[in-house]
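Just below is one structure, and these are the notes that go with it.
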2 protein chains.
Amino acid sequence: MNLKKHFVLFFLLTLVGNLNAQNGYDLWLQYSSITDSQLKQQYTSKITGIQVKGSSATLNASTEELKNAWKSLFDTDLETREQGSNLLMLATEDRLSSELQTELSSDLESINDEGYIIKQLSIDEQPTILITAKSDIGVLYGSFRLLKEIQLHKDISNIDISDSPKIQKRVLNHWDNLDRTVERGYAGFSIWDWHLLPELIKPEYMDYARANASIGINGTVLTNVNANSLVLTEHYIEKVKALAEVFRPYGIQVYLTARFSAPLESGDLDTADPLNEEVRQWWKDKADEIYAEIPDFGGFLVKANSEGQPGPNNYGRSHVDGANMLAEAVAPHGGIVMWRAFVYSEDDPEDRAKQAYSEFVPFDGQFHDNVLVQVKNGAIDFQPREPFHPIFGAMPDTPLMMEFQITQEYLGFSSHLVFLPKMFEETLQSDTYVQGENSSVAKIIDGTLSNKKLTGIAGVANIGTEKNWTGHPFGQANWYGFGRLAWDPYLDSEKIAEDWIKMTFTNNPEFVQPIKEMLLDSRESVVKYMTPLGLHHIMDTGHHYGPGPWVSELSRPEWNPVYYHKADSEGVGFDRTKSGSNALAQYADPIAEKYSSPETTPEKFLLWFHHLPWDYEMENGKTLWFNIATTYQEGVEEVQDMIDTWEKMEEYVDQEPYEKVSMLLQIQLKEAKWWRDACLAYFQKYSNMELPESVPEPEHSLEYYKSLEFPFAPGIRPSWN
Amino acid sequence: MNLKKHFVLFFLLTLVGNLNAQNGYDLWLQYSSITDSQLKQQYTSKITGIQVKGSSATLNASTEELKNAWKSLFDTDLETREQGSNLLMLATEDRLSSELQTELSSDLESINDEGYIIKQLSIDEQPTILITAKSDIGVLYGSFRLLKEIQLHKDISNIDISDSPKIQKRVLNHWDNLDRTVERGYAGFSIWDWHLLPELIKPEYMDYARANASIGINGTVLTNVNANSLVLTEHYIEKVKALAEVFRPYGIQVYLTARFSAPLESGDLDTADPLNEEVRQWWKDKADEIYAEIPDFGGFLVKANSEGQPGPNNYGRSHVDGANMLAEAVAPHGGIVMWRAFVYSEDDPEDRAKQAYSEFVPFDGQFHDNVLVQVKNGAIDFQPREPFHPIFGAMPDTPLMMEFQITQEYLGFSSHLVFLPKMFEETLQSDTYVQGENSSVAKIIDGTLSNKKLTGIAGVANIGTEKNWTGHPFGQANWYGFGRLAWDPYLDSEKIAEDWIKMTFTNNPEFVQPIKEMLLDSRESVVKYMTPLGLHHIMDTGHHYGPGPWVSELSRPEWNPVYYHKADSEGVGFDRTKSGSNALAQYADPIAEKYSSPETTPEKFLLWFHHLPWDYEMENGKTLWFNIATTYQEGVEEVQDMIDTWEKMEEYVDQEPYEKVSMLLQIQLKEAKWWRDACLAYFQKYSNMELPESVPEPEHSLEYYKSLEFPFAPGIRPSWN
């Protein structure tokens with residue numbers, strides 16, 4: 001029996017013991033069958049065939065995607081036709097007739113090289129839906145966009161869409177090690193099976209590329225920022241090349257992390273001094289070697305002189321010296337360098353929140369044109385909530401790249417349902433005021449505030465070998481949402497939530513509405529049960545799993561939670577005003593001034609900027625202690641609300657994701673209570689105040705919470721070199 | 001839209017970009033649609049409904065499996081009915097009428113507690129197919145057997161089968177660490193997601209249990225023999241319990257590895273001396289604690305005083321002291337101890353091949369009744385070919401458990417196609433002659449040679465988070481084949497190959513015949529291109545990836561390949577006759593005598609037992625050197641033959657496995673050539689003889705092969721404590 005010819009078989013198999021049932025592998029590209037006859041009629045009458053002008057791997061990918069989706073959506077073939085009415089035409093601008101070019105001239109002017117136009121028009125007197133663009137990749141993006149419109153059941157009868165990405169480098173950062181462990185990875189092993197590359201090309205590689213292209217991600221850094229120089233050897237370049245070839249039709253460039261000491265570790269040189277000519281030549285040669293194999297190689301991401309990583313400071317040189325050396329090596333090939341500003345010194349007594357700014361702002365304007373300085377959203381480290389990083393706006397002559405973290409290192413790993421686009425949006429829409437009102441972080445990132453030529457945004461990936469890629473079924477929403485915001489940093493997170501829910505699960509409003517609300521509320525809930533009111537960095541050490549506000553004996557002061565909350569019998573919080581570290585002075589004046597007084601500081605940032613007495617009276621007339629306690633309690637209650645909401649959704653989703661989410665929500669509830677109980681038990685030692693009536697006593701003693709150890713929590717950094 | 005109700009959707013999805021296509025997750029339980037109308041008619045007319053007597057989780061599992069399979073095989077529901085003709089009846093013996101019990105008395109006498117009877121008979125004058133057994137689990141095994149008959153398109157019109165497992169403990173050994181890395185694991189991360197247990201129960205856990213039950217595996221050791229004592233703490237016992245509950249309906253007991261120093265590491269005691277009363281009580285308490293949570297816990301597997309693991313020798317005590325202490329702890333609960341005989345001392349100059357025998361044979365008869373001594377198939381370490389371990393037959397008063405390795409540590413990892421049942425069969429059918437002719441290893445293992453009450457067999461699992469469980473699509477055959485041989489160690493590997501191919505791919509003889517031949521030949525090929533003519537242990541160090549015959553500087557002599565091949569200008573091979581280590585004396589006389597001369601030693605074991613000159617004349621009249629070289633070459637050519645065979649099979653298999661196997665065979669060919677070239681380049685240094693004309697010159701210099709390093713080869717043992 002020829003199995004290939006018996007597809008019905010595979011359908012049936014999905015029933016057996018849930019084998020291969022809705023396991024989440026298809027992400028938001030479900031292309032769920034459209035059963036509403038009116039809708040189906042509209043789509044299949046407006047598009048009765050496909051016509052593709054020209055040919056390339058990217059155009060083929062577009063065509064295949066459309067054809068496969070069509071089969072899935074409408075159970076009918078979308079056939080290639082050379083002429084006819086109601087065709088879907090794919091053609092880049094240069095393939096259009098001069099007539100059409102003229103007709104579309106204003107549309108074409110409005111898009112950039114990666115943008116697209118989808119338009120209902122008449123071509124040779126035949127009604128046609130045209131997807132056009134200045135490049136093949138634009139056509140692919142347009143194809144995914146059209147499919148999204150259909151997945152969302154939108155009316156396409158007079159479709160007229162043009163869109164372009166607002167940021168150039170839209171990149172995933174994989175913190176994946178060569179041994180396939182993933183630092184801060186909570187979704188299994190690394191999807192890169194280095195050992196079997198370049199020969200074994202897994203289907204997952206193509207599906208990864210498809211998923212990314214569908215949301216406009218155009219780059220991937222394959223390796224951990226805590227880098228291993230082996231990936232720069234010939235043996236690995238061959239493997240990287242194989243991945244690059246799979247990704248290329250989908251418009252995805254590969255990047256690698258460059259370990260600064262690679263010239264030393266290669267055995268070639270005895271220094272990695274960036275001003276040494278041999279070192280400079282070594283990197284040029286290395287770049288030439290890589291580009292000879294991978295002509296569209298993206299460039300390097302570098303973590304230097306940070307948390308033990310080598311860097312230019314080891315040789316008395318600056319970050320500018322280091323970044324520019326690498327930039328010169330890749331410049332002839334069109335490559336870029338993404339240089340991380342995530343630095344804090346092991347012997348600088350200055351407030352850690354201030355150090356990156358102090359070190360990098362003086363370098364403004366000194367980096368080469370092909371360097372992006374990659375800045376985390378906040379000044380500490382991907383906490384549940386941080387004010388925007390003060391570097392944003394403070395380096396007008398340097399292209400700054402946003403670094404978000406999609407993997408939930410500090411937000412419950414892959415077991416907590418937290419919709420991160422809501423958090424990303426908060427940062428992007430923050431007004432820096434550096435050029436007066438309306439100087440949002442988004443405008444700095446997309447280059448509009450000071451006309452940057454190079455723009456970028458990075459997200460630390462939450463992807464692994466889990467069958468559904470991200471472990472938590474809702475973790476997919478964060479990958480999706482990052483991509484959407486990378487394309488358009490002004491997008492509303494509510495819109496993202498709605499699109500993702502519909503594409504992943506169903507358009508049924510009985511499901512969409514409550515689940516959208518659940519997603520949008522979820523980020524505030526995790527802030528409440530982990531780090532309310534501006535508290536931060538009070539997690540346990542190393543694995544960062546669970547609460548550890550008591551940790552005080554780590555070798556570097558700024559690794560200790562007590563450094564950040566400074567709880568004592570007098571009060572709690574980090575004074576970053578003039579009377580304290582004065583980190584506030586790194587912000588532009590309307591903010592610096594407003595936040596200098598606790599009364600005018602938004603309560604969500606209160607303890608980030610102020611050390612306040614436990615009985616400090618807050619807006620609601622209650623004490624700070626009362627508000628800390630009740631906010632923790634609210635966080636727990638909101639997780640219970642999520643459980644209640646989800647329980648009503650069983651009929652709308654398949655069994656596997658339904659049950660998985662149900663089980664994970666129980667973990668989230670257990671851990672939310674753990675955070676509440678452990679933190680309140682600890683802080684109560686200092687507040688010496690009773691818990692409000694609405695807040696239950698901690699289930700265990702403080703000593704119990706302190707005694708918990710999790711040596712095998714996932715995602716632990718294996719070693720730093 | 002209610003997705004649950006739109007199954008057709010999932011079918012369609014399987015077409016899209018190959019998402020969720022035949023990815024191998026379903027293993028040999030494909031239940032492929034039967035389209036031959038005659039066959040379909042036979043099955044659906046002989047079985048028109050199902051009747052289940054009694055109720056239990058195991059009977060429910062049986063019923064669900066049959067119903068789901070029916071839907072998949074015949075696209076029709078197998079409905080539960082209380083009466084009627086042509087029913088399939090599931091009932092344990094005690095649920096049968098006394099009439100039926102009498103009618104079946106001789107059948108029932110012929111099976112053991114786990115056996116089953118499947119029989120066409122008349123019940124209440126209605127034609128019925130009865131699956132009966134002495135226990136629920138027998139009914140489940142019978143259900144899987146009936147499904148196998150149908151998958152193999154067998155005639156069931158007068159079905160009359162009774163079968164029982166010949167070995168009691170049929171166990172997978174997972175060398176899975178608590179951090180989810182797998183020692184010698186080549187199929188991704190560990191499937192045990194410890195961090196999210198006990199709350200998150202993944203569908204994979206149930207499907208793992210189903211797959212094992214379908215081949216009769218009834219135990220699983222969850223953790224690495226290089227053990228971590230944390231798994232014995234309350235925190236982990238709760239997680240183990242959750243897995244045990246998933247596995248229980250499928251008749252699978254969980255076991256753990258017991259780190260001998262656990263009483264110390266727990267912080268409770270300052271010794272782990274097995275004769276210390278507190279230590280003995282600690283283990284009894286620990287067993288009580290585990291059994292309170294997991295009443296059917298299987299017991300412990302122990303690697304003691306081996307390769308750095310702690311054990312009784314640390315306290316001047318013997319393996320008997322250690323094993324019996326643990327045996328006493330679990331005995332009240334019906335548990336067992338599997339104590340590994342894989343020992344070799346770091347300061348014993350005796351031939352490593354002799355040491356386990358020397359140490360264990362004197363203990364014969366001294367272990368408690370609930371101890372199984374677990375012995376690897378050969379005396380060294382899971383090499384591509386080893387003579388059977390001389391302990392088999394030498395400890396008539398001790399139950400010996402076979403330890404096979406399914407994961408291909410020394411046989412090309414998961415990238416080489418090697419059908420291991422052929423190798424297992426070779427060991428099982430080896431005649432030890434200890435009680436004269438027909439004293440096969442199988443008879444020792446199944447207890448028939450000396451009437452053992454406790455019998456067991458273990459396979460080191462090749463399972464991980466790869467979507468198809470084993471990485472290589474054909475790796476599944478080794479898991480399957482191990483299970484089949486564990487049930488019946490006399491089974492022909494050809495039969496196993498045929499069943500597996502049909503159940504996994506297709507019954508089409510155009511595919512079955514050539515692929516069966518390919519499987520059956522594949523094991524000899526790997527021997528040829530890695531370790532021909534009795535060579536062994538010449539792989540590279542640590543990761544065991546690729547050839548390393550030159551390795552000579554490791555701290556322990558018996559870790560060095562040169563220790564095993566002893567190549568010099570005089571010749572090659574390990575003299576284990578009287579003139580050498582006399583390991584041969586550990587075998588019973590007909591073997592010891594026959595193998596004492598190279599002329600009467602089977603050529604496949606020649607260099608295992610003899611050090612011979614390079615120009616030693618072999619049966620074919622050619623020199624030893626000529627034969628070494630041409631055998632390596634044959635191995636390479638046979639991989640090319642496999643590629644040629646596979647290329648003709650494209651039409652019979654789905655695209656994903658077809659392409660994956662094609663790519664993996666290219667890796668196998670590349671590595672076969674690497675083994676040939678590196679080993680011949682090395683040995684030629686000593687033979688000083690030309691390569692035969694049929695053998696190409698090595699592609700690279702010996703220095704090149706010696707320079708290769710693979711620090712991130714998969715499955716590396718992380719650390720030994």
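Identifiers in the structure tokens: chain A, B, ... in order shown; residue index from 1 per chain; ligand index from 1 in order shown.
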Set the distance at 10 Å and use only C-alpha atoms: which residues neighbour Trp625 in chain B once local chain neighbours fewer than 6 positions away are removed? I'd like the list as a ChimeraX atom specification.
/B:571-572,613-618,631,680,683-684,687-692
Thr271 in chain A: which residues within 9 Å, counting only C-alpha atoms, same-chain residues fewer than 6 positions away excluded, as number ranges by chain?
A: 261, 263-264, 278-279, 315
Would you output that residue set with N, CA, C and O atoms, as a PDB file, in the first residue's frame?
```pdb
ATOM      1  N   SER A 261      37.124  36.677  22.455  1.00  0.00           N
ATOM      2  CA  SER A 261      38.456  36.061  22.580  1.00  0.00           C
ATOM      3  C   SER A 261      38.701  34.981  21.537  1.00  0.00           C
ATOM      4  O   SER A 261      39.688  34.250  21.620  1.00  0.00           O
ATOM      5  N   PRO A 263      40.026  34.912  18.564  1.00  0.00           N
ATOM      6  CA  PRO A 263      41.363  34.822  17.946  1.00  0.00           C
ATOM      7  C   PRO A 263      42.365  34.081  18.833  1.00  0.00           C
ATOM      8  O   PRO A 263      43.244  33.367  18.336  1.00  0.00           O
ATOM      9  N   LEU A 264      42.183  34.238  20.144  1.00  0.00           N
ATOM     10  CA  LEU A 264      43.036  33.525  21.112  1.00  0.00           C
ATOM     11  C   LEU A 264      42.666  32.049  21.140  1.00  0.00           C
ATOM     12  O   LEU A 264      43.527  31.168  21.057  1.00  0.00           O
ATOM     13  N   GLU A 278      47.017  42.275  13.886  1.00  0.00           N
ATOM     14  CA  GLU A 278      46.786  40.846  13.589  1.00  0.00           C
ATOM     15  C   GLU A 278      45.386  40.424  13.997  1.00  0.00           C
ATOM     16  O   GLU A 278      44.737  39.626  13.311  1.00  0.00           O
ATOM     17  N   VAL A 279      44.937  40.950  15.104  1.00  0.00           N
ATOM     18  CA  VAL A 279      43.576  40.628  15.567  1.00  0.00           C
ATOM     19  C   VAL A 279      42.557  41.167  14.575  1.00  0.00           C
ATOM     20  O   VAL A 279      41.619  40.470  14.172  1.00  0.00           O
ATOM     21  N   TYR A 315      41.768  44.494  27.369  1.00  0.00           N
ATOM     22  CA  TYR A 315      43.006  45.036  26.805  1.00  0.00           C
ATOM     23  C   TYR A 315      43.071  46.547  26.975  1.00  0.00           C
ATOM     24  O   TYR A 315      43.801  47.237  26.268  1.00  0.00           O
TER      25      TYR A 315
END
```
List the spatial neighbours of range 708-715 of chain B as a short mmCIF file (atom, residue, chain, number, x, y, z; two decimals) with C-alpha atoms, in the first residue's frame - criterion: any atom at most 9 Å away, only C-alpha atoms, same-chain residues fewer than 3 positions off excluded.
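Written file, out-v6.cif:
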```cif
data_model
loop_
_atom_site.label_atom_id
_atom_site.label_comp_id
_atom_site.auth_asym_id
_atom_site.auth_seq_id
_atom_site.Cartn_x
_atom_site.Cartn_y
_atom_site.Cartn_z
CA LEU A 178 26.39 24.00 20.98
CA ASP A 179 25.56 21.07 23.28
CA ARG A 180 21.86 21.81 22.56
CA TRP A 194 24.28 20.69 15.30
CA HIS A 195 25.67 17.18 15.36
CA THR B 181 20.25 15.48 29.37
CA VAL B 182 20.52 11.81 28.46
CA GLU B 183 23.80 9.99 28.83
CA ARG B 184 24.41 8.21 25.55
CA GLY B 185 21.15 9.69 24.34
CA TYR B 186 21.02 10.59 20.66
CA ALA B 187 17.35 11.47 20.32
CA GLY B 188 17.21 14.83 22.06
CA GLU B 409 26.54 4.31 21.80
CA PHE B 413 24.47 6.84 17.44
CA HIS B 543 31.79 10.83 23.39
CA HIS B 544 32.67 7.54 21.63
CA TYR B 545 32.01 9.23 18.29
CA GLU B 703 47.39 13.10 11.46
CA TYR B 704 44.23 14.64 10.11
CA TYR B 705 42.04 11.92 11.61
CA PRO B 718 28.15 15.10 32.00
#
```
Under the rule of at most 12 Å, produce a per-residue listing of range 24-142 of chain B near range 450-466 of chain B: chain, number, name, the closest pair of atoms, and the distance in Å, as a Markdown table, using only C-alpha atoms.
```
| residue | atom | partner | partner_atom | distance |
| --- | --- | --- | --- | --- |
| B:Gly24 | CA | B:Glu466 | CA | 9.5 |
| B:Tyr25 | CA | B:Glu466 | CA | 8.8 |
| B:Leu27 | CA | B:Ile463 | CA | 11.8 |
```
Go ahead and dump the residues you just picked, all heavy atoms, as a PDB file, in the first residue's frame.
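This went into selection39.pdb:
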```pdb
ATOM      1  N   GLY B  24       6.376  10.023  12.401  1.00  0.00           N
ATOM      2  CA  GLY B  24       6.933   8.890  13.133  1.00  0.00           C
ATOM      3  C   GLY B  24       6.485   8.778  14.569  1.00  0.00           C
ATOM      4  O   GLY B  24       6.822   7.812  15.252  1.00  0.00           O
ATOM      5  N   TYR B  25       5.713   9.750  15.027  1.00  0.00           N
ATOM      6  CA  TYR B  25       5.306   9.729  16.431  1.00  0.00           C
ATOM      7  C   TYR B  25       4.490   8.481  16.771  1.00  0.00           C
ATOM      8  O   TYR B  25       4.552   7.987  17.891  1.00  0.00           O
ATOM      9  CB  TYR B  25       4.504  10.987  16.755  1.00  0.00           C
ATOM     10  CG  TYR B  25       4.063  11.096  18.188  1.00  0.00           C
ATOM     11  CD1 TYR B  25       4.952  11.507  19.176  1.00  0.00           C
ATOM     12  CD2 TYR B  25       2.764  10.774  18.579  1.00  0.00           C
ATOM     13  CE1 TYR B  25       4.560  11.606  20.501  1.00  0.00           C
ATOM     14  CE2 TYR B  25       2.359  10.866  19.902  1.00  0.00           C
ATOM     15  CZ  TYR B  25       3.263  11.284  20.858  1.00  0.00           C
ATOM     16  OH  TYR B  25       2.868  11.375  22.169  1.00  0.00           O
ATOM     17  N   LEU B  27       4.840   5.480  15.825  1.00  0.00           N
ATOM     18  CA  LEU B  27       5.616   4.252  15.942  1.00  0.00           C
ATOM     19  C   LEU B  27       4.997   3.117  15.110  1.00  0.00           C
ATOM     20  O   LEU B  27       4.575   3.348  13.988  1.00  0.00           O
ATOM     21  CB  LEU B  27       5.733   3.856  17.426  1.00  0.00           C
ATOM     22  CG  LEU B  27       6.511   4.865  18.295  1.00  0.00           C
ATOM     23  CD1 LEU B  27       6.184   4.694  19.770  1.00  0.00           C
ATOM     24  CD2 LEU B  27       8.016   4.719  18.065  1.00  0.00           C
TER      25      LEU B  27
END
```
Name the residues in contact with range 586-592 of chain A at a cut-off of 7 Å, using only C-alpha atoms, excluding same-chain residues fewer than 3 positions from it; report them as a list in words.
Pro390, Thr432, Tyr433, Val434, Ala583, Tyr595 and Ser596 of chain A
Can you list, as a PyMOL selection string, every residue of range 510-617 of chain B that DSSP puts in helix (DSSP H, G or I)?
chain B and resi 510-530+532-534+557-559+561-565+583-586+589-594+598-600+603-609
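The smallest atom-to-atom distance between Ile716 in chain B and any of B:Arg210, B:Asn60, B:Asp488, B:Thr541, using only C-alpha atoms, is found for B:Thr541.
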For Glu350 in chain B, find every residue with an atom within 12 Å (counting only C-alpha atoms), except residues of its own chain fewer than 6 positions away, and show them as number ranges by chain.
B: 344, 356-359, 557-558, 563, 576, 580-583
Could those selected residues go to a file with C-alpha atoms, as an mmCIF file, in the first residue's frame?
```cif
data_model
loop_
_atom_site.group_PDB
_atom_site.id
_atom_site.type_symbol
_atom_site.label_atom_id
_atom_site.label_comp_id
_atom_site.auth_asym_id
_atom_site.auth_seq_id
_atom_site.Cartn_x
_atom_site.Cartn_y
_atom_site.Cartn_z
ATOM 1 C CA TYR B 344 36.280 -3.233 36.349
ATOM 2 C CA ALA B 356 33.360 -8.929 36.174
ATOM 3 C CA TYR B 357 33.482 -12.732 36.091
ATOM 4 C CA SER B 358 36.314 -12.844 38.598
ATOM 5 C CA GLU B 359 34.483 -10.578 40.976
ATOM 6 C CA PRO B 557 45.064 1.619 30.659
ATOM 7 C CA GLU B 558 41.798 -0.160 29.866
ATOM 8 C CA TYR B 563 44.892 -1.778 25.138
ATOM 9 C CA ARG B 576 43.066 -14.100 25.526
ATOM 10 C CA GLY B 580 47.808 -14.285 27.028
ATOM 11 C CA SER B 581 45.226 -13.182 29.570
ATOM 12 C CA ASN B 582 43.520 -16.577 29.463
ATOM 13 C CA ALA B 583 40.085 -14.945 29.577
#
```
Near Asp364 in chain A, counting only C-alpha atoms, which residues have an atom at most 8 Å away, once you skip same-chain residues fewer than 5 positions from it, shown as an NGL selection string?
:A and (395-398)
Those same residues, written as a PDB file, in the first residue's frame with N, CA, C and O atoms?
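Output contents, as saved in result-v6.pdb:
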```
ATOM      1  N   MET A 395      21.219  58.618  23.417  1.00  0.00           N
ATOM      2  CA  MET A 395      22.292  58.447  22.432  1.00  0.00           C
ATOM      3  C   MET A 395      21.744  58.765  21.042  1.00  0.00           C
ATOM      4  O   MET A 395      21.638  57.897  20.189  1.00  0.00           O
ATOM      5  N   PRO A 396      21.423  60.038  20.811  1.00  0.00           N
ATOM      6  CA  PRO A 396      20.747  60.389  19.557  1.00  0.00           C
ATOM      7  C   PRO A 396      21.569  60.085  18.315  1.00  0.00           C
ATOM      8  O   PRO A 396      21.006  59.913  17.228  1.00  0.00           O
ATOM      9  N   ASP A 397      22.874  59.985  18.454  1.00  0.00           N
ATOM     10  CA  ASP A 397      23.710  59.746  17.272  1.00  0.00           C
ATOM     11  C   ASP A 397      24.156  58.295  17.135  1.00  0.00           C
ATOM     12  O   ASP A 397      25.132  58.000  16.434  1.00  0.00           O
ATOM     13  N   THR A 398      23.451  57.415  17.822  1.00  0.00           N
ATOM     14  CA  THR A 398      23.793  55.988  17.755  1.00  0.00           C
ATOM     15  C   THR A 398      22.515  55.195  17.495  1.00  0.00           C
ATOM     16  O   THR A 398      21.523  55.403  18.183  1.00  0.00           O
TER      17      THR A 398
END
```
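With only C-alpha atoms taken into account, the protein and nucleic acid residues at most 10 Å from Ile237 in chain A (excluding it and anything under 4 positions from it in its own chain) are A:Pro198, A:Leu230, A:Val231, A:Leu232, A:Thr233, A:Lys241, A:Ala242, A:Leu243, A:Leu256, A:Glu289, A:Ile290, A:Tyr291, A:Glu293, A:Ile294.
Pairwise distance (CA of Pro421 in chain B, CA of Gly481 in chain B) equals 5.5 Å.
Shortest atom-to-atom contact with chain A among B:Asn627, B:Asn438, B:Thr76, B:Gln51: B:Thr76, counting only C-alpha atoms.
In terms of minimum interatomic distance to Thr44 in chain B, B:Ile156 ranks closest within B:Glu650, B:Val418, B:Glu82, B:Ile156, counting only C-alpha atoms.
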